[in-house]
Each structure stands twice: as C-alpha cells, then as structure tokens.
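Data file: target-v9.pdb. Format and content: PDB, C-alpha atoms and all ligand atoms.
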ATOM      1  CA  MET A  20      80.871  61.694 113.897
ATOM      2  CA  LEU A  21      82.568  58.420 112.995
ATOM      3  CA  ALA A  22      84.199  60.012 109.943
ATOM      4  CA  ALA A  23      85.456  62.867 112.086
ATOM      5  CA  PHE A  24      86.872  60.405 114.615
ATOM      6  CA  LEU A  25      88.632  58.415 111.892
ATOM      7  CA  ALA A  26      90.061  61.583 110.387
ATOM      8  CA  ALA A  27      91.341  62.641 113.791
ATOM      9  CA  THR A  28      92.896  59.205 114.329
ATOM     10  CA  ALA A  29      94.623  59.326 110.956
ATOM     11  CA  PHE A  30      96.003  62.718 111.857
ATOM     12  CA  LEU A  31      97.190  61.615 115.284
ATOM     13  CA  CYS A  32      98.917  58.449 114.069
ATOM     14  CA  GLY A  33     100.860  60.456 111.542
ATOM     15  CA  CYS A  34     100.020  57.886 108.848
ATOM     16  CA  ARG A  35     101.318  58.841 105.440
ATOM     17  CA  SER A  36      98.652  58.898 102.793
ATOM     18  CA  ASP A  37     101.116  57.523 100.223
ATOM     19  CA  VAL A  38     101.790  54.341 102.260
ATOM     20  CA  PRO A  39      98.940  51.789 102.247
ATOM     21  CA  ALA A  40      97.629  50.826 105.692
ATOM     22  CA  ARG A  41      98.798  47.255 105.033
ATOM     23  CA  PRO A  42     101.656  47.541 102.529
ATOM     24  CA  ASN A  43     103.215  44.486 100.937
ATOM     25  CA  ILE A  44     106.617  43.807 102.464
ATOM     26  CA  LEU A  45     109.654  42.406 100.687
ATOM     27  CA  LEU A  46     112.581  41.693 103.000
ATOM     28  CA  ILE A  47     115.857  40.974 101.243
ATOM     29  CA  THR A  48     118.757  39.739 103.350
ATOM     30  CA  LEU A  49     122.213  39.953 101.806
ATOM     31  CA  ASP A  50     124.515  37.325 103.226
ATOM     32  CA  THR A  51     128.131  38.352 103.910
ATOM     33  CA  THR A  52     127.683  41.698 102.125
ATOM     34  CA  ARG A  53     129.750  44.604 103.404
ATOM     35  CA  ALA A  54     128.024  47.981 103.272
ATOM     36  CA  ASP A  55     131.202  49.609 101.964
ATOM     37  CA  HIS A  56     131.117  47.393  98.861
ATOM     38  CA  ILE A  57     127.815  48.910  97.686
ATOM     39  CA  GLY A  58     127.601  52.011  95.489
ATOM     40  CA  ALA A  59     125.061  53.788  97.695
ATOM     41  CA  TYR A  60     127.491  53.429 100.605
ATOM     42  CA  GLY A  61     130.256  55.115  98.663
ATOM     43  CA  ASP A  62     132.027  52.332  96.774
ATOM     44  CA  ARG A  63     132.612  53.894  93.360
ATOM     45  CA  ARG A  64     133.799  50.621  91.861
ATOM     46  CA  ALA A  65     130.654  48.731  92.876
ATOM     47  CA  ARG A  66     128.078  47.707  90.308
ATOM     48  CA  THR A  67     124.914  47.792  92.409
ATOM     49  CA  PRO A  68     122.417  49.934  90.465
ATOM     50  CA  ASN A  69     119.326  48.303  91.974
ATOM     51  CA  LEU A  70     120.422  48.678  95.589
ATOM     52  CA  ASP A  71     121.538  52.220  94.799
ATOM     53  CA  ARG A  72     118.115  53.023  93.337
ATOM     54  CA  LEU A  73     116.344  51.621  96.396
ATOM     55  CA  ALA A  74     118.551  53.784  98.612
ATOM     56  CA  ALA A  75     118.053  56.906  96.490
ATOM     57  CA  GLY A  76     114.285  56.513  96.739
ATOM     58  CA  GLY A  77     114.231  55.365 100.343
ATOM     59  CA  VAL A  78     116.093  55.557 103.634
ATOM     60  CA  LEU A  79     119.721  54.448 103.947
ATOM     61  CA  PHE A  80     121.126  53.716 107.391
ATOM     62  CA  GLU A  81     124.812  54.583 107.261
ATOM     63  CA  ARG A  82     125.778  52.842 110.513
ATOM     64  CA  ALA A  83     123.763  49.671 111.043
ATOM     65  CA  ILE A  84     125.161  46.927 113.271
ATOM     66  CA  SER A  85     124.374  43.209 113.153
ATOM     67  CA  ALA A  86     123.791  41.293 116.380
ATOM     68  CA  ALA A  87     126.238  38.558 115.325
ATOM     69  CA  PRO A  88     128.657  37.774 112.474
ATOM     70  CA  LEU A  89     127.020  34.367 112.000
ATOM     71  CA  THR A  90     124.208  33.692 109.533
ATOM     72  CA  LEU A  91     121.632  31.945 111.716
ATOM     73  CA  PRO A  92     121.901  34.069 114.894
ATOM     74  CA  ALA A  93     122.043  37.244 112.759
ATOM     75  CA  HIS A  94     118.893  36.302 110.865
ATOM     76  CA  VAL A  95     117.058  35.227 114.008
ATOM     77  CA  SER A  96     117.873  38.646 115.483
ATOM     78  CA  ILE A  97     116.409  40.342 112.416
ATOM     79  CA  PHE A  98     113.221  38.272 112.688
ATOM     80  CA  THR A  99     112.764  38.518 116.467
ATOM     81  CA  GLY A 100     114.025  42.064 117.033
ATOM     82  CA  SER A 101     116.162  40.666 119.841
ATOM     83  CA  TYR A 102     119.766  39.850 120.614
ATOM     84  CA  PRO A 103     121.047  36.246 120.566
ATOM     85  CA  PHE A 104     121.230  36.012 124.372
ATOM     86  CA  ALA A 105     117.504  36.810 124.448
ATOM     87  CA  HIS A 106     116.216  34.648 121.566
ATOM     88  CA  GLY A 107     118.607  31.823 122.394
ATOM     89  CA  VAL A 108     120.130  31.081 118.968
ATOM     90  CA  ARG A 109     123.848  31.707 119.456
ATOM     91  CA  ASN A 110     125.496  29.745 116.667
ATOM     92  CA  ASN A 111     124.837  28.056 113.355
ATOM     93  CA  GLY A 112     123.909  24.409 113.219
ATOM     94  CA  ASN A 113     123.338  23.387 116.813
ATOM     95  CA  PHE A 114     120.623  25.871 117.850
ATOM     96  CA  THR A 115     116.957  26.067 116.816
ATOM     97  CA  LEU A 116     114.660  29.028 117.416
ATOM     98  CA  SER A 117     111.938  28.147 119.923
ATOM     99  CA  ASP A 118     108.380  28.516 118.628
ATOM    100  CA  ARG A 119     107.626  30.455 121.823
ATOM    101  CA  VAL A 120     109.666  33.460 120.644
ATOM    102  CA  PRO A 121     107.469  35.917 118.688
ATOM    103  CA  THR A 122     108.685  36.763 115.171
ATOM    104  CA  LEU A 123     108.072  39.309 112.456
ATOM    105  CA  THR A 124     106.603  36.522 110.339
ATOM    106  CA  GLY A 125     104.144  35.421 113.006
ATOM    107  CA  ALA A 126     102.994  38.987 113.634
ATOM    108  CA  LEU A 127     102.433  39.682 109.934
ATOM    109  CA  ARG A 128     100.670  36.344 109.423
ATOM    110  CA  ALA A 129      98.364  37.122 112.375
ATOM    111  CA  ALA A 130      97.662  40.532 110.838
ATOM    112  CA  GLY A 131      96.415  38.885 107.637
ATOM    113  CA  TYR A 132      99.488  38.666 105.458
ATOM    114  CA  ARG A 133     100.278  35.774 103.126
ATOM    115  CA  THR A 134     103.843  34.782 103.863
ATOM    116  CA  ALA A 135     106.638  33.113 101.915
ATOM    117  CA  ALA A 136     110.395  32.707 102.301
ATOM    118  CA  PHE A 137     113.035  31.788  99.747
ATOM    119  CA  VAL A 138     116.437  31.032 101.227
ATOM    120  CA  SER A 139     119.720  30.243  99.502
ATOM    121  CA  ALA A 140     121.710  28.280 102.064
ATOM    122  CA  PHE A 141     121.327  25.173 104.192
ATOM    123  CA  VAL A 142     122.263  27.137 107.321
ATOM    124  CA  LEU A 143     118.723  28.617 107.138
ATOM    125  CA  ASP A 144     117.010  25.253 106.588
ATOM    126  CA  ARG A 145     113.556  24.986 108.169
ATOM    127  CA  ARG A 146     114.911  22.718 110.915
ATOM    128  CA  TYR A 147     116.478  25.800 112.554
ATOM    129  CA  GLY A 148     113.141  27.395 113.326
ATOM    130  CA  LEU A 149     112.792  30.379 110.991
ATOM    131  CA  ALA A 150     110.074  28.664 108.934
ATOM    132  CA  ALA A 151     107.461  29.298 111.648
ATOM    133  CA  GLY A 152     104.687  31.560 110.346
ATOM    134  CA  PHE A 153     105.585  31.090 106.682
ATOM    135  CA  GLU A 154     102.910  29.481 104.520
ATOM    136  CA  ARG A 155     105.643  28.641 102.056
ATOM    137  CA  TYR A 156     109.263  28.105 103.124
ATOM    138  CA  ASP A 157     111.373  27.350 100.095
ATOM    139  CA  ASP A 158     114.646  25.894 101.332
ATOM    140  CA  ARG A 159     115.254  23.563  98.385
ATOM    141  CA  VAL A 160     118.977  23.920  98.752
ATOM    142  CA  GLU A 161     121.828  21.405  98.830
ATOM    143  CA  LEU A 162     124.364  23.684 100.495
ATOM    144  CA  GLU A 163     123.676  26.877  98.625
ATOM    145  CA  ARG A 164     121.907  28.046  95.470
ATOM    146  CA  ARG A 165     122.458  30.972  93.168
ATOM    147  CA  GLY A 166     120.610  34.188  93.893
ATOM    148  CA  SER A 167     118.925  34.293  90.502
ATOM    149  CA  GLU A 168     117.370  30.854  91.160
ATOM    150  CA  THR A 169     116.097  31.873  94.590
ATOM    151  CA  ALA A 170     114.768  35.176  93.247
ATOM    152  CA  ALA A 171     113.047  33.313  90.391
ATOM    153  CA  ALA A 172     111.289  31.071  92.923
ATOM    154  CA  ALA A 173     110.073  34.155  94.815
ATOM    155  CA  SER A 174     108.992  35.736  91.564
ATOM    156  CA  ALA A 175     107.008  32.653  90.551
ATOM    157  CA  TRP A 176     105.236  32.513  93.924
ATOM    158  CA  LEU A 177     104.288  36.184  93.684
ATOM    159  CA  ALA A 178     102.798  35.625  90.233
ATOM    160  CA  GLU A 179     100.980  32.415  91.299
ATOM    161  CA  THR A 180      99.395  34.080  94.323
ATOM    162  CA  SER A 181      98.744  37.521  92.828
ATOM    163  CA  HIS A 182      94.972  36.856  92.824
ATOM    164  CA  ASP A 183      95.095  36.615  96.640
ATOM    165  CA  PRO A 184      93.700  39.872  98.064
ATOM    166  CA  ARG A 185      95.850  39.649 101.206
ATOM    167  CA  PRO A 186      99.049  41.721 101.314
ATOM    168  CA  PHE A 187     102.246  39.671 101.061
ATOM    169  CA  PHE A 188     105.327  39.308 103.183
ATOM    170  CA  VAL A 189     108.163  37.802 101.194
ATOM    171  CA  TRP A 190     111.652  37.115 102.500
ATOM    172  CA  LEU A 191     114.398  36.613  99.950
ATOM    173  CA  HIS A 192     117.808  35.505 101.224
ATOM    174  CA  LEU A 193     120.803  35.840  98.876
ATOM    175  CA  TYR A 194     123.997  33.991  99.717
ATOM    176  CA  ASP A 195     126.398  34.469  96.801
ATOM    177  CA  PRO A 196     128.997  36.782  98.438
ATOM    178  CA  HIS A 197     129.695  34.064 101.001
ATOM    179  CA  ASP A 198     133.072  32.344 100.620
ATOM    180  CA  PRO A 199     134.059  30.864  98.127
ATOM    181  CA  TYR A 200     133.846  33.887  95.811
ATOM    182  CA  ASP A 201     132.894  32.330  92.513
ATOM    183  CA  PRO A 202     130.478  34.521  90.524
ATOM    184  CA  PRO A 203     128.836  33.261  87.309
ATOM    185  CA  PRO A 204     130.953  33.621  84.116
ATOM    186  CA  SER A 205     130.083  37.136  82.914
ATOM    187  CA  PHE A 206     130.637  38.528  86.415
ATOM    188  CA  ARG A 207     133.775  36.442  86.839
ATOM    189  CA  GLU A 208     135.327  38.204  83.859
ATOM    190  CA  ALA A 209     134.173  41.711  84.734
ATOM    191  CA  PHE A 210     135.347  41.295  88.330
ATOM    192  CA  ALA A 211     138.418  39.133  87.718
ATOM    193  CA  ASP A 212     140.498  41.026  90.310
ATOM    194  CA  ARG A 213     137.722  41.175  92.948
ATOM    195  CA  PRO A 214     135.341  38.209  92.679
ATOM    196  CA  TYR A 215     133.694  39.092  96.032
ATOM    197  CA  ASP A 216     132.395  42.292  94.438
ATOM    198  CA  GLY A 217     131.330  40.235  91.426
ATOM    199  CA  GLU A 218     129.082  38.142  93.690
ATOM    200  CA  ILE A 219     127.512  41.318  95.105
ATOM    201  CA  ALA A 220     126.944  42.683  91.585
ATOM    202  CA  TYR A 221     125.358  39.376  90.599
ATOM    203  CA  ASP A 222     122.962  39.485  93.564
ATOM    204  CA  ASP A 223     122.110  43.085  92.742
ATOM    205  CA  GLU A 224     121.036  41.920  89.298
ATOM    206  CA  ALA A 225     118.844  39.197  90.865
ATOM    207  CA  ILE A 226     117.235  41.881  93.044
ATOM    208  CA  GLY A 227     116.600  44.000  89.963
ATOM    209  CA  THR A 228     114.785  41.143  88.262
ATOM    210  CA  LEU A 229     112.535  40.615  91.274
ATOM    211  CA  LEU A 230     111.774  44.340  91.595
ATOM    212  CA  GLU A 231     110.863  44.394  87.913
ATOM    213  CA  ARG A 232     108.429  41.546  88.514
ATOM    214  CA  LEU A 233     106.769  43.553  91.294
ATOM    215  CA  GLN A 234     106.248  46.379  88.810
ATOM    216  CA  GLN A 235     104.803  43.950  86.236
ATOM    217  CA  LEU A 236     102.393  42.632  88.853
ATOM    218  CA  GLY A 237     101.303  46.184  89.627
ATOM    219  CA  VAL A 238     102.498  46.138  93.239
ATOM    220  CA  GLY A 239     105.762  48.051  92.884
ATOM    221  CA  GLN A 240     104.285  51.159  94.471
ATOM    222  CA  SER A 241     102.490  49.378  97.304
ATOM    223  CA  THR A 242     105.481  47.345  98.466
ATOM    224  CA  LEU A 243     107.821  48.269 101.273
ATOM    225  CA  VAL A 244     111.286  46.920 100.434
ATOM    226  CA  ALA A 245     113.718  46.369 103.281
ATOM    227  CA  VAL A 246     117.289  45.321 102.584
ATOM    228  CA  ALA A 247     119.654  44.201 105.327
ATOM    229  CA  GLY A 248     122.960  42.404 105.482
ATOM    230  CA  ASP A 249     123.241  39.568 107.976
ATOM    231  CA  HIS A 250     126.919  40.372 108.665
ATOM    232  CA  GLY A 251     129.951  41.577 106.759
ATOM    233  CA  GLU A 252     133.214  39.944 105.718
ATOM    234  CA  SER A 253     136.712  40.572 107.057
ATOM    235  CA  LEU A 254     138.506  40.148 103.710
ATOM    236  CA  GLY A 255     141.762  39.759 105.604
ATOM    237  CA  GLU A 256     141.306  42.632 108.059
ATOM    238  CA  HIS A 257     142.444  41.854 111.621
ATOM    239  CA  GLY A 258     143.936  38.609 110.361
ATOM    240  CA  GLU A 259     140.528  37.117 109.599
ATOM    241  CA  ALA A 260     139.750  35.870 106.087
ATOM    242  CA  THR A 261     135.950  35.581 106.294
ATOM    243  CA  HIS A 262     133.689  36.055 109.341
ATOM    244  CA  GLY A 263     132.575  34.456 112.566
ATOM    245  CA  LEU A 264     135.553  34.819 114.912
ATOM    246  CA  PHE A 265     135.631  38.527 115.742
ATOM    247  CA  VAL A 266     133.197  41.421 116.129
ATOM    248  CA  TYR A 267     135.140  44.160 114.351
ATOM    249  CA  GLU A 268     133.235  46.603 112.174
ATOM    250  CA  SER A 269     134.285  44.691 109.035
ATOM    251  CA  VAL A 270     131.917  41.893 110.017
ATOM    252  CA  VAL A 271     129.206  43.570 112.109
ATOM    253  CA  LYS A 272     128.543  46.690 110.046
ATOM    254  CA  ILE A 273     125.799  45.883 107.556
ATOM    255  CA  PRO A 274     123.901  47.574 104.761
ATOM    256  CA  MET A 275     120.353  48.550 105.771
ATOM    257  CA  ILE A 276     117.937  50.257 103.373
ATOM    258  CA  LEU A 277     114.202  50.858 103.639
ATOM    259  CA  SER A 278     112.329  51.841 100.494
ATOM    260  CA  GLY A 279     108.635  52.613 100.106
ATOM    261  CA  ALA A 280     108.039  54.039 103.591
ATOM    262  CA  GLY A 281     106.603  57.312 102.311
ATOM    263  CA  ARG A 282     107.625  60.045  99.883
ATOM    264  CA  SER A 283     108.663  62.408 102.655
ATOM    265  CA  ARG A 284     111.311  59.888 103.752
ATOM    266  CA  ALA A 285     112.715  59.329 100.261
ATOM    267  CA  GLY A 286     116.412  59.997  99.920
ATOM    268  CA  ARG A 287     117.095  60.247 103.656
ATOM    269  CA  ARG A 288     120.448  59.065 104.982
ATOM    270  CA  VAL A 289     120.532  58.324 108.694
ATOM    271  CA  ARG A 290     123.897  58.857 110.412
ATOM    272  CA  ALA A 291     122.862  57.620 113.862
ATOM    273  CA  LEU A 292     123.930  54.175 115.011
ATOM    274  CA  VAL A 293     121.122  51.640 114.506
ATOM    275  CA  ARG A 294     120.862  47.873 114.854
ATOM    276  CA  SER A 295     119.578  44.915 112.893
ATOM    277  CA  ILE A 296     117.205  44.219 115.815
ATOM    278  CA  ASP A 297     115.466  47.512 114.991
ATOM    279  CA  LEU A 298     114.338  46.290 111.585
ATOM    280  CA  ALA A 299     111.378  44.112 112.647
ATOM    281  CA  PRO A 300     109.936  46.795 114.992
ATOM    282  CA  THR A 301     110.312  49.334 112.172
ATOM    283  CA  LEU A 302     108.596  47.154 109.569
ATOM    284  CA  LEU A 303     105.732  46.337 111.936
ATOM    285  CA  ALA A 304     105.249  50.018 112.738
ATOM    286  CA  ALA A 305     105.307  50.905 109.036
ATOM    287  CA  ALA A 306     102.628  48.250 108.436
ATOM    288  CA  ASN A 307     100.535  49.376 111.418
ATOM    289  CA  VAL A 308     100.914  45.959 113.048
ATOM    290  CA  PRO A 309     101.379  45.654 116.846
ATOM    291  CA  ALA A 310     104.977  45.392 118.094
ATOM    292  CA  LEU A 311     106.560  42.052 119.065
ATOM    293  CA  ARG A 312     106.206  41.153 122.708
ATOM    294  CA  GLY A 313     109.566  41.394 124.447
ATOM    295  CA  ALA A 314     111.536  42.678 121.437
ATOM    296  CA  GLN A 315     114.689  44.639 122.299
ATOM    297  CA  GLY A 316     114.809  46.626 119.065
ATOM    298  CA  ARG A 317     112.836  49.775 118.429
ATOM    299  CA  ASN A 318     110.899  51.383 115.622
ATOM    300  CA  LEU A 319     113.310  53.636 113.702
ATOM    301  CA  LEU A 320     110.706  55.736 111.865
ATOM    302  CA  PRO A 321     110.712  58.508 114.544
ATOM    303  CA  LEU A 322     114.510  58.649 114.134
ATOM    304  CA  VAL A 323     114.171  58.827 110.351
ATOM    305  CA  ASP A 324     111.700  61.683 110.792
ATOM    306  CA  GLY A 325     114.071  63.525 113.139
ATOM    307  CA  ARG A 326     111.670  63.226 116.081
ATOM    308  CA  GLU A 327     113.825  60.897 118.178
ATOM    309  CA  ALA A 328     117.505  60.117 118.778
ATOM    310  CA  GLY A 329     118.839  56.708 117.798
ATOM    311  CA  PRO A 330     119.394  53.849 120.261
ATOM    312  CA  GLY A 331     122.927  55.165 120.875
ATOM    313  CA  GLU A 332     124.573  51.794 121.372
ATOM    314  CA  ALA A 333     124.681  48.406 119.716
ATOM    315  CA  TYR A 334     125.632  44.947 120.948
ATOM    316  CA  SER A 335     127.163  42.182 118.898
ATOM    317  CA  GLU A 336     128.452  38.750 119.921
ATOM    318  CA  THR A 337     130.111  35.694 118.536
TER
HETATM  319 ZN    ZN B   1     125.681  34.929 106.748
END
When written as structure tokens, how does the structure in this file appear?
Amino acid sequence: MLAAFLAATAFLCGCRSDVPARPNILLITLDTTRADHIGAYGDRRARTPNLDRLAAGGVLFERAISAAPLTLPAHVSIFTGSYPFAHGVRNNGNFTLSDRVPTLTGALRAAGYRTAAFVSAFVLDRRYGLAAGFERYDDRVELERRGSETAAAASAWLAETSHDPRPFFVWLHLYDPHDPYDPPPSFREAFADRPYDGEIAYDDEAIGTLLERLQQLGVGQSTLVAVAGDHGESLGEHGEATHGLFVYESVVKIPMILSGAGRSRAGRRVRALVRSIDLAPTLLAAANVPALRGAQGRNLLPLVDGREAGPGEAYSET
C-alpha cells in the first residue's frame, strides 16, 4: 500500500527519474557578462566552450532580465527571488540584506545541504548580508581576485568535504569581465582587440576546470549547474561605458543557463521573457525544496516543459 502510494506520488509530482531527489547545486554568477558575448548566445567570435557545452546539454534562456545593473542588488535578487524594492538592497556599498528576508541559501541549508560560497569581489563581502546560511563564505578578496583562484578555492572545498553525505550547494562568483578589462597574458594576446571578451574566455576556462573537478569527484552527473549573469555591460552603447546608470538591454539582459535538470530538458532554448528572480524558485523546485516565503519570482520548469507561459514582464531598476 505504501509502495503504491509512493509510486503514485512520484507520478503526480512529475519527478524525473534521472534527477536525484536532492541534487547537488552549483550556482555560477558571471559578473558584467553580456549574453551576446557568449558562443551559445550566438557570438561566433566568443571562446566559451564550457558555457556552450552546459547550454547544449541543458536549458538556455534567450531573454533573461536582471533586476538591477548593480552587483549587490542583482545578486540579492537572485538569492531572494525578489526585486530590490522588496528585499531592500538598492545599491552597492550602503545597503545590507536583512537576515529576516528568506534566501535560497537558507532554504537549501534547512533542507540538509552543506553550503559554501566563493566570491571574487569586495562588493559581495560578507558584511552585505549574502553570507547568511553559508557554512563557508570565502570572501578573501582585496578588491577583486582572478576567477581561476576563486574556482580553485571552490574546488578545494568540494574535495575536502566530499566525504560528507549531504548534497552540496556551492556558489561561485566570477568577476573578471568587470572594468578594467585586463585578462591574464595568454588571453591578453589572443584577445588583443577585445580584452572584455578575453576576460569572459578566461572565466569560461575557470568554469571548465571546476566542472572537471566535479567529474573527478564522481558528482558531475548528480549536480545541477545554474549559470546567471548579474548584469551586462554597455560597452559604449547609449553613451554609457560600463553599467549602473541606465536600464537598457545592454546592461539588464543576462545569460541564464540551467544544466542537469533532466534529460528531457536537455538542449531546450526558451524564447519567453524570464527574470533573474525566477532562478531561486526554479532551483528550489528542481531540488524538491519548499518555495521561499514571499518571493516574487516563479519556478520556470513548467515553462521549460511547455506547460505554462512565461511571466510576460520584467522589472529592472537602478
Ligand atoms: Zn556586477
């Protein structure tokens, strides 16, 4: 009787047998990375084989919009599933996320995940509130650090804690494409005429190294990998050199890729407008963890499966 009930429940919830009930989750946020400078988004000159592979084997959202073109508010929106006017963090530096606002990290920790974050810029220092819920929050950063160093720290933690039977939630933040564009030597030469793209290529390589480590640790198949930009970069469009002043598409359109959410979803490209605030609800749904109280974003898996329309509109502020 119990077995029959469980079987019926599994059928009703639409769970995919190739996704573990509690998958590991790796969230990679790409600072200042424009979607249209990534191969999978159509940039033929890009050198982003690892992001392209994740997209080819996962779900790529063609039109994803950030809640703000500023690092801290944009990240807080990703982690809370809410817009800045709701979570209260509306700029870098002089706002701190309240510990009363529920986060992706807190929900996963409560559901039994071991949690660790590795950030690459001071703007995400623990003092700004995103460390809540993380057992390890590695913000050993002067102003910024190279992506390969941050990825190596994440890699080391994964290896050190691999005996832990709990699933992991790891957040890796890569900052290199942020101004100034100054990629390491080999990338500087290969991308002499477009150093911004060189920084993106360099971060792609750091991602590749971390994904390889997941394979070595035997968890490559049981890990959900989510990639999201925090905001884009104007690169001179609309008279803006970098980001933060305006909310044109150049700065609010972001890459968003979800890999490992089931074989039937592999290779999907979603045209509908979606939002960075939808990422946390989607990851929690994929991990069978209850939704965040008060979140404004929504689970995108029904949209990916063609069972629901997208949210239809997106808000962004600066
Ligand atoms: Zn940023």
TODO: Report as a list of chain:residue names which protein, DNA and RNA residues come within 9 Å of ligand ZN 1 (chain B), using all atoms listed in the file.
DONE: A:Leu49, A:Asp50, A:Thr51, A:Thr52, A:Pro88, A:Leu89, A:Thr90, A:Leu91, A:Ala93, A:His94, A:Val142, A:Tyr194, A:His197, A:Gly248, A:Asp249, A:His250, A:Gly251, A:His262
- [ ] Please indicate the distance in Å from atom CA of A:Gly152 to atom CA of A:Leu191, rounded to one decimal place.
- [x] 15.1 Å
Task: Answer key for the PyMOL selection byres (((chain A and resi 264-267) around 7) and not hetatm), residues as a PyMOL selection string - done: chain A and resi 88+262-263+268-271+335-337
Open item on the list: Excluding stretch 237-242 of chain A and its own-chain neighbours fewer than 6 positions away, which residues fall within 10 Å of it when counting only C-alpha atoms? Please give them as a ChimeraX atom specification.
Closed with: /A:37-45,181,186-188,230-231,278-280
Task: A:Ser167 environment, 9 Å, all atoms listed in the file, sequence neighbours closer than 4 positions dropped, as number ranges by chain - done: A: 171-172, 193, 221-222, 224-226, 228
TODO: Report as a list in words the residues that result from applying the PyMOL selection byres (((chain A and resi 295) around 6) and not hetatm) to the structure here.
DONE: Ile84, Ser85, Ile97, Arg294, Ile296, Asp297 and Leu298 of chain A
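Counting all atoms listed in the file, A:Pro203 has the following residues at most 12 Å away, ignoring those fewer than 2 positions along the same chain: Arg164, Arg165, Gly166, Ser167, Asp195, Pro196, Tyr200, Asp201, Ser205, Phe206, Arg207, Glu208, Ala209, Phe210, Ala211, Pro214, Tyr215, Gly217, Glu218, Ile219, Ala220, Tyr221, Asp222 and Glu224 of chain A.
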Would you mind exporting C-alpha atoms of the selected residues as a PDB file, in the frame of the given file?
ATOM      1  CA  ARG A 164     121.907  28.046  95.470  1.00  0.00           C
ATOM      2  CA  ARG A 165     122.458  30.972  93.168  1.00  0.00           C
ATOM      3  CA  GLY A 166     120.610  34.188  93.893  1.00  0.00           C
ATOM      4  CA  SER A 167     118.925  34.293  90.502  1.00  0.00           C
ATOM      5  CA  ASP A 195     126.398  34.469  96.801  1.00  0.00           C
ATOM      6  CA  PRO A 196     128.997  36.782  98.438  1.00  0.00           C
ATOM      7  CA  TYR A 200     133.846  33.887  95.811  1.00  0.00           C
ATOM      8  CA  ASP A 201     132.894  32.330  92.513  1.00  0.00           C
ATOM      9  CA  SER A 205     130.083  37.136  82.914  1.00  0.00           C
ATOM     10  CA  PHE A 206     130.637  38.528  86.415  1.00  0.00           C
ATOM     11  CA  ARG A 207     133.775  36.442  86.839  1.00  0.00           C
ATOM     12  CA  GLU A 208     135.327  38.204  83.859  1.00  0.00           C
ATOM     13  CA  ALA A 209     134.173  41.711  84.734  1.00  0.00           C
ATOM     14  CA  PHE A 210     135.347  41.295  88.330  1.00  0.00           C
ATOM     15  CA  ALA A 211     138.418  39.133  87.718  1.00  0.00           C
ATOM     16  CA  PRO A 214     135.341  38.209  92.679  1.00  0.00           C
ATOM     17  CA  TYR A 215     133.694  39.092  96.032  1.00  0.00           C
ATOM     18  CA  GLY A 217     131.330  40.235  91.426  1.00  0.00           C
ATOM     19  CA  GLU A 218     129.082  38.142  93.690  1.00  0.00           C
ATOM     20  CA  ILE A 219     127.512  41.318  95.105  1.00  0.00           C
ATOM     21  CA  ALA A 220     126.944  42.683  91.585  1.00  0.00           C
ATOM     22  CA  TYR A 221     125.358  39.376  90.599  1.00  0.00           C
ATOM     23  CA  ASP A 222     122.962  39.485  93.564  1.00  0.00           C
ATOM     24  CA  GLU A 224     121.036  41.920  89.298  1.00  0.00           C
TER      25      GLU A 224
END
Box in all listed atoms of stretch 314-325 of chain A, axis-aligned, with 3 Å more on each side; write out centre and edge lengths in Å to one decimal as JSON.
{"center_x": 112.8, "center_y": 53.1, "center_z": 116.3, "size_x": 10.1, "size_y": 26.8, "size_z": 17.9}
- [ ] Taking the file as shown, find all residues satisfying the PyMOL selection byres (((chain A and resi 311-323) around 10) and not hetatm) and write them as an MDAnalysis selection string.
- [x] chainID A and resid 78:80 96:102 105:106 120:123 125:126 280 284 287:291 293:305 308:310 324:330
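Atom CA of A:Leu236 lies 24.5 Å from atom CA of A:Ala129.
Counting all atoms listed in the file and comparing A:Pro274, A:Asp118, A:Ala86, A:Leu254, the residue that lies closest to A:Phe104 is A:Ala86.
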Task: From A:Val108, A:Leu143, A:Met275, A:Leu177, residue lying nearest A:Ala87 [all atoms listed in the file] - done: A:Val108
- [ ] Please provide as a list in words all residues within 9 Å of A:Asn69, with the sequence filter that same-chain residues fewer than 2 positions apart are discarded (counting only C-alpha atoms).
- [x]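 My reading of the contact set: Arg66, Thr67, Asp71, Arg72, Leu73, Ala74, Asp223, Glu224, Ile226, Gly227 and Leu230 of chain A.
Interatomic distance, atom CA of A:Glu259 to atom CA of A:Phe114: 24.3 Å.
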Task: Option closest in space to A:Ser253, from A:Arg155, A:Arg53, A:Arg133, A:Arg64 [counting only C-alpha atoms] - done: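 So, comparing all the options, the nearest one is A:Arg53.
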Open item on the list: I need the residue nearest A:Asp157 from this list: A:Ala170, A:Val138, A:Ile47, A:Leu233. Use all atoms listed in the file for the distance.
Closed with: A:Val138
TODO: Counting all atoms listed in the file, figure out which residue out of A:Ala150, A:Leu292, A:Gly131, A:Val189 gets nearest to A:Leu243.
DONE: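 Checking each of A:Ala150, A:Leu292, A:Gly131, A:Val189 against A:Leu243, counting all atoms listed in the file, the winner is A:Val189.
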- [ ] Check the smallest atom-to-atom distance from each of A:Arg145, A:Arg185, A:Arg63, A:Arg82 to A:Leu127 using all atoms listed in the file, then report the winner.
- [x] A:Arg185
- [ ] Fewer than 5 positions away in the same chain doesn't count, so skip those; otherwise give me all residues within 10 Å of A:Arg159, counting all atoms listed in the file, as a list in words.
- [x]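 Near neighbours after the sequence-gap exclusion: Phe137, Val138, Ser139, Ala140, Phe141, Asp144, Arg164 and Thr169 of chain A.
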Starting from the incomplete input, reconstruct N, CA and C atoms of stretch 255-264 of chain A and report them as an mmCIF file, in the coordinates of the input.
data_model
loop_
_atom_site.group_PDB
_atom_site.id
_atom_site.type_symbol
_atom_site.label_atom_id
_atom_site.label_comp_id
_atom_site.auth_asym_id
_atom_site.auth_seq_id
_atom_site.Cartn_x
_atom_site.Cartn_y
_atom_site.Cartn_z
ATOM 1 N N GLY A 255 140.367 39.678 105.155
ATOM 2 C CA GLY A 255 141.762 39.759 105.604
ATOM 3 C C GLY A 255 142.032 40.775 106.705
ATOM 4 N N GLU A 256 141.086 41.656 106.984
ATOM 5 C CA GLU A 256 141.306 42.632 108.059
ATOM 6 C C GLU A 256 141.405 41.912 109.409
ATOM 7 N N HIS A 257 142.259 42.416 110.273
ATOM 8 C CA HIS A 257 142.444 41.854 111.621
ATOM 9 C C HIS A 257 142.859 40.389 111.576
ATOM 10 N N GLY A 258 143.465 39.984 110.466
ATOM 11 C CA GLY A 258 143.936 38.609 110.361
ATOM 12 C C GLY A 258 142.839 37.576 110.148
ATOM 13 N N GLU A 259 141.642 38.046 109.821
ATOM 14 C CA GLU A 259 140.528 37.117 109.599
ATOM 15 C C GLU A 259 140.155 37.112 108.111
ATOM 16 N N ALA A 260 140.058 35.944 107.516
ATOM 17 C CA ALA A 260 139.750 35.870 106.087
ATOM 18 C C ALA A 260 138.262 36.125 105.817
ATOM 19 N N THR A 261 137.383 35.492 106.603
ATOM 20 C CA THR A 261 135.950 35.581 106.294
ATOM 21 C C THR A 261 135.189 36.243 107.457
ATOM 22 N N HIS A 262 134.466 35.470 108.241
ATOM 23 C CA HIS A 262 133.689 36.055 109.341
ATOM 24 C C HIS A 262 133.383 34.976 110.367
ATOM 25 N N GLY A 263 133.020 35.408 111.552
ATOM 26 C CA GLY A 263 132.575 34.456 112.566
ATOM 27 C C GLY A 263 133.408 34.462 113.841
ATOM 28 N N LEU A 264 134.684 34.872 113.730
ATOM 29 C CA LEU A 264 135.553 34.819 114.912
ATOM 30 C C LEU A 264 135.494 36.095 115.743
#
